[in-house]
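Colleague: Could you have a look at this structure, given as structure tokens, before my questions?
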Amino acid sequence: MISSPTALAASAFLLILPWPLLATGILSAIGGADRHPRLMKTATTASAAFAMVSALLALATYILGFSRTITWLSLPLPAGLGAFEIRVGVNPLSLAMSLLVAFVGLAVVRFSERYLDGEPGAGRFMQFMSLTLGFFFTMVVVDNIWAFFLSWVAKGLCLHRLLVFYPDRPKARLAARKKFFLHRMADLALLGAFVLVSRTLSTDRFSGLAAALSGRTELSPSLWLAAGLLFLAVVAKSAQFPLQGWLIQVMEAPTPVSALMHAGLIYSGTFLYLRMAPLVSLPTGFRDLLIANAMATIVVSALAMMIASDIKGALAWSTCAQMGFMLLECALGLYSVAVMHIIAHSLYKAHAFLSSGSVVEPFRGPELSIAPKLGGPPGRMFLALATGILLTLLSGGLMGLDLGREPALLLLGMILSVALARLLLSGLSARGRSGFPLLLPTAGLVAAVSLATFALHRLFELGLGPVLPSAPLPQTPLQMTILVLVAALFLGLLWIEETLPLSGDRPILRRLYVHLGAGLYTDALLDRLLTPRRPRKGGYSSPGRLRLADSPNPHSREVLP
């Protein structure tokens with residue numbers, strides 16, 4: 001028989017996980033963070049390490065069965081809004097996200113120590129880094145919607161201070177303004193959604209949503225409106241089309257901020273969708289709208305990424321596309337796949353940003369020689385795609401998955417086939433430095449990737465199934481048409497990526513490069529609204545145009561584009 005204090009071990013470790021980070025940020029505001037930069041670096045690093053150890057201990061005690069959940073504090077709220085509670089949700093989702101954020105946060109903080117060595121304002125940077133991470137942790141672990149909301153807002157406000165760390169950069173200020181405006185819009189939408197949910201369902205806990213919604217055959221107008229507000233909050237927070245401009249321009253912030261943003265904080269919208277899965281999975285029409293919006297984001301971002309002229313810009317467009325892919329998985333009801341995608345993308349993106357300076361070196365060496373093309377671009381593409389489909393079917397069968405069981409799972413298999421085809425195309429085209437073709441090594445890598453993907457899918461499905469059961473799309477003509485269109489768009493992207501480099505001399509494509517590089521000007525209106533006009537002789541400067549005096553500080557430590 002497990003004693004009561006021991007049974008609360010996992011809950012207690014998750015509860016205390018963010019405390020040192022929050023205490024470091026709050027206390028440094030009282031004593032002046034920039035007066036003691038070395039102390040701030042040491043305290044922030046130690047707090048991030050404490051969070052990492054706490055997350056590991058929480059996972060270990062949860063596996064051992066010490067996972068009882070209790071409410072540590074409860075304050076009643078008026079107007080039927082329930083209560084504000086300090087209640088930790090001990091489940092595989094909160095544990096996985098806590099461990100991921102702890103690992104990435106510790107890596108970013110350690111990188112920041114060296115990156116900001118001797119930089120004016122290093123103590124203030126560490127102060128807001130501590131607060132941002134601390135509030136992000138509380139958002140991840142709490143089970144109460146009001147505690148989640150306060151953490152969601154506080155995290156965004158602290159992140160804003162990091163984004164304007166270099167105040168002499170006009171692009172950084174503009175990106176921060178746009179992000180601030182859009183995230184406050186997301187905050188208001190989320191507040192409205194939570195008010196409607198708490199008053200209609202009489203619950204203030206994420207864990208109580210499924211029970212409160214069970215037996216409902218149709219949604220009331222208030223819940224339908226709540227689902228719409230959640231859709232708006234998720235799209236605005238996740239930098240989805242056409243609101244993705246700020247995430248591209250945020251590259252002007254210090255590299256550690258970019259890494260933390262793209263490898264952790266950007267998942268806030270997806271995490272909200274996962275927490276509200278019992279509501280958003282119901283047939284409100286917003287799932288179909290999210291699929292359409294996610295595909296628009298993927299197409300625009302993938303095309304812009306192909307022609308990006310700088311490393312960090314390509315990484316930013318890649319994040320936009322991947323966020324669209326994650327929300328597509330959520331809208332398809334494949335929640336465990338979305339969590340797997342978050343973890344894999346976070347680790348990759350953190351490494352990509354923190355090593356972005358060294359990534360330039362390989363491009364200074366000789367390029368791979370190109371082997372003769374087998375049957376021209378169409379023949380090569382169809383050969384690679386057929387091989388990818390075959391490997392997908394074989395790998396899924398070996399892992400006990402029936403891809404024909406549901407249309408969404410079949411679509412996911414087709415998308416994986418496209419990704420495998422892209423890898424195979426590189427092996428069909430290139431030779432190594434020794435002169436030997438890379439086809440056989442690439443084929444082995446592709447087979448390993450296919451098997452690993454389905455193996456991890458099974459693992460995450462087993463671990464997260466009780467908390468996030470799949471919610472398949474209804475098999476109606478509309479939904480089937482949507483899935484066919486999604487498949488066609490992914491195949492079209494593969495075709496464009498393979499044939500566009502061979503047609504780059506056409507004038508129409510040259511003009512298209514310019515428009516795609518600007519993201520199709522989708523955030524131009526927001527730029528005009530949020531860029532202040534500067535008086536000058538003879539009138540005003542045009543919004544969005546930088547004068548020589550507005551150029552970034554040439555002595556800044558940030559040297560990447």
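Going by the structure tokens order, chains are called A, B, ..., each with residues numbered from 1, while ligands are numbered from 1 in the order shown.
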When you look at stretch 290-302 of chain A with a cut-off of 9 Å (counting only C-alpha atoms), what residues show up, excluding the ones that are within fewer than 5 positions of it in the same chain? I need them as a PyMOL selection string.
Modeller: chain A and resi 231+235+239-242+244+285+316-332+482+486+489-490+493+516+519-520
Colleague: Include N, CA, C and O atoms and write out the residues we just selected as a compact mmCIF listing (two decimals), in the first residue's frame.
Modeller:
```txt
# COMPACT_ATOMS: atom_id res chain seq x y z
N PHE A 231 -10.13 28.06 -32.47
CA PHE A 231 -9.50 28.02 -33.79
C PHE A 231 -8.71 29.31 -34.04
O PHE A 231 -7.55 29.28 -34.49
N VAL A 235 -4.56 29.48 -34.50
CA VAL A 235 -3.98 29.97 -35.76
C VAL A 235 -3.09 31.19 -35.50
O VAL A 235 -1.98 31.29 -36.04
N ALA A 239 1.44 31.08 -35.83
CA ALA A 239 2.00 31.74 -37.02
C ALA A 239 1.52 31.06 -38.30
O ALA A 239 2.31 30.76 -39.19
N GLN A 240 0.22 30.86 -38.39
CA GLN A 240 -0.35 30.22 -39.57
C GLN A 240 -0.76 31.27 -40.60
O GLN A 240 -0.97 32.43 -40.28
N PHE A 241 -0.88 30.82 -41.83
CA PHE A 241 -1.24 31.69 -42.94
C PHE A 241 -2.60 32.36 -42.68
O PHE A 241 -3.53 31.69 -42.24
N PRO A 242 -2.72 33.66 -42.89
CA PRO A 242 -1.73 34.61 -43.43
C PRO A 242 -1.04 35.43 -42.35
O PRO A 242 -0.64 36.58 -42.61
N GLN A 244 1.82 34.68 -40.63
CA GLN A 244 3.11 34.09 -40.33
C GLN A 244 4.27 35.08 -40.42
O GLN A 244 5.40 34.73 -40.09
N GLY A 285 -17.20 22.09 -37.92
CA GLY A 285 -16.79 22.70 -39.18
C GLY A 285 -15.44 23.36 -39.08
O GLY A 285 -14.79 23.62 -40.11
N ALA A 316 13.18 29.59 -40.53
CA ALA A 316 11.92 30.17 -40.09
C ALA A 316 10.76 29.69 -40.96
O ALA A 316 9.70 29.32 -40.46
N TRP A 317 10.93 29.70 -42.28
CA TRP A 317 9.89 29.21 -43.17
C TRP A 317 9.64 27.72 -42.93
O TRP A 317 8.50 27.25 -43.02
N SER A 318 10.71 26.99 -42.62
CA SER A 318 10.55 25.57 -42.31
C SER A 318 9.67 25.37 -41.09
O SER A 318 8.81 24.48 -41.04
N THR A 319 9.87 26.22 -40.06
CA THR A 319 9.04 26.13 -38.86
C THR A 319 7.58 26.40 -39.19
O THR A 319 6.68 25.71 -38.69
N CYS A 320 7.30 27.39 -40.03
CA CYS A 320 5.91 27.68 -40.43
C CYS A 320 5.28 26.46 -41.09
O CYS A 320 4.14 26.08 -40.78
N ALA A 321 6.03 25.84 -42.01
CA ALA A 321 5.50 24.66 -42.70
C ALA A 321 5.26 23.51 -41.73
O ALA A 321 4.23 22.83 -41.80
N GLN A 322 6.20 23.29 -40.82
CA GLN A 322 6.05 22.19 -39.86
C GLN A 322 4.91 22.44 -38.89
O GLN A 322 4.20 21.50 -38.50
N MET A 323 4.70 23.71 -38.50
CA MET A 323 3.56 24.01 -37.64
C MET A 323 2.25 23.72 -38.36
O MET A 323 1.29 23.21 -37.78
N GLY A 324 2.21 24.06 -39.65
CA GLY A 324 1.03 23.71 -40.43
C GLY A 324 0.80 22.22 -40.49
O GLY A 324 -0.34 21.73 -40.39
N PHE A 325 1.88 21.47 -40.62
CA PHE A 325 1.79 20.00 -40.67
C PHE A 325 1.28 19.46 -39.34
O PHE A 325 0.45 18.55 -39.29
N MET A 326 1.78 20.00 -38.23
CA MET A 326 1.32 19.54 -36.91
C MET A 326 -0.17 19.80 -36.72
O MET A 326 -0.91 18.95 -36.22
N LEU A 327 -0.61 20.99 -37.11
CA LEU A 327 -2.04 21.31 -36.97
C LEU A 327 -2.87 20.48 -37.93
O LEU A 327 -4.03 20.15 -37.63
N LEU A 328 -2.33 20.13 -39.09
CA LEU A 328 -3.02 19.22 -39.99
C LEU A 328 -3.22 17.86 -39.32
O LEU A 328 -4.31 17.27 -39.40
N GLU A 329 -2.19 17.36 -38.66
CA GLU A 329 -2.31 16.08 -37.94
C GLU A 329 -3.35 16.18 -36.83
O GLU A 329 -4.13 15.24 -36.62
N CYS A 330 -3.36 17.32 -36.12
CA CYS A 330 -4.37 17.50 -35.07
C CYS A 330 -5.77 17.52 -35.66
O CYS A 330 -6.70 16.88 -35.13
N ALA A 331 -5.96 18.26 -36.76
CA ALA A 331 -7.28 18.34 -37.37
C ALA A 331 -7.74 17.00 -37.91
O ALA A 331 -8.94 16.71 -37.95
N LEU A 332 -6.79 16.15 -38.32
CA LEU A 332 -7.13 14.80 -38.78
C LEU A 332 -7.44 13.86 -37.62
O LEU A 332 -7.86 12.72 -37.85
N ILE A 482 -11.76 16.58 -49.11
CA ILE A 482 -10.67 17.34 -48.47
C ILE A 482 -9.40 16.51 -48.41
O ILE A 482 -8.29 17.00 -48.72
N VAL A 486 -5.74 17.30 -50.11
CA VAL A 486 -4.50 17.37 -49.34
C VAL A 486 -3.44 16.48 -49.97
O VAL A 486 -2.26 16.88 -50.12
N LEU A 489 -2.06 18.10 -53.08
CA LEU A 489 -1.17 19.23 -52.81
C LEU A 489 0.22 18.75 -52.42
O LEU A 489 1.23 19.33 -52.84
N PHE A 490 0.32 17.70 -51.63
CA PHE A 490 1.64 17.17 -51.26
C PHE A 490 2.36 16.61 -52.48
O PHE A 490 3.57 16.80 -52.64
N LEU A 493 3.66 19.55 -54.43
CA LEU A 493 4.87 20.13 -53.86
C LEU A 493 6.10 19.31 -54.24
O LEU A 493 7.18 19.86 -54.51
N LEU A 516 7.28 34.95 -53.81
CA LEU A 516 7.34 33.91 -52.78
C LEU A 516 8.32 34.28 -51.68
O LEU A 516 8.09 33.98 -50.51
N GLY A 519 6.72 36.05 -49.08
CA GLY A 519 5.57 35.39 -48.45
C GLY A 519 4.25 35.79 -49.04
O GLY A 519 3.23 35.79 -48.35
N LEU A 520 4.25 36.17 -50.34
CA LEU A 520 3.05 36.61 -51.05
C LEU A 520 2.44 37.86 -50.42
O LEU A 520 1.27 38.14 -50.61
```
Colleague: If I take atom CA of A:Lys237 and atom CA of A:Gly269, how far is one from the other in Å, to one decimal?
Modeller: 5.3 Å
Colleague: Please extract the residues of stretch 112-312 of chain A with a backbone DSSP assignment of alpha helix (DSSP H) and present them as number ranges by chain.
Modeller: A: 112-115, 122-141, 145-163, 170-201, 209-213, 221-237, 245-249, 255-263, 268-275, 277-280, 286-306, 311-312
Colleague: Could you check which of A:Phe454, A:Pro407, A:Val88, A:Met305 is closest to A:Gln479, using only C-alpha atoms?
Modeller: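 For A:Gln479, the nearest of the candidates is A:Pro407.
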Colleague: Atom CA of A:Arg35 and atom CA of A:His262, how far apart in Å?
Modeller: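 Result for atom CA of A:His262 versus atom CA of A:Arg35: 29.9 Å, one decimal.
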Colleague: Env of stretch 56-72 of chain A: 7 Å cut, atoms = only C-alpha atoms, seq-sep filter 6 positions within chain, self excluded. Answer as a list in words.
Modeller: Thr6, Ala7, Leu8, Ala9, Ala10, Ser11, Phe13, Leu14, Glu85, Ile86, Arg87, Val88, Gly89, Val90, Leu95 and Leu99 of chain A
Colleague: Which residue gives the smallest distance to A:Leu411 among A:Pro472, A:Pro76, A:Pro466, A:Gly156, with only C-alpha atoms counted?
Modeller: A:Pro472
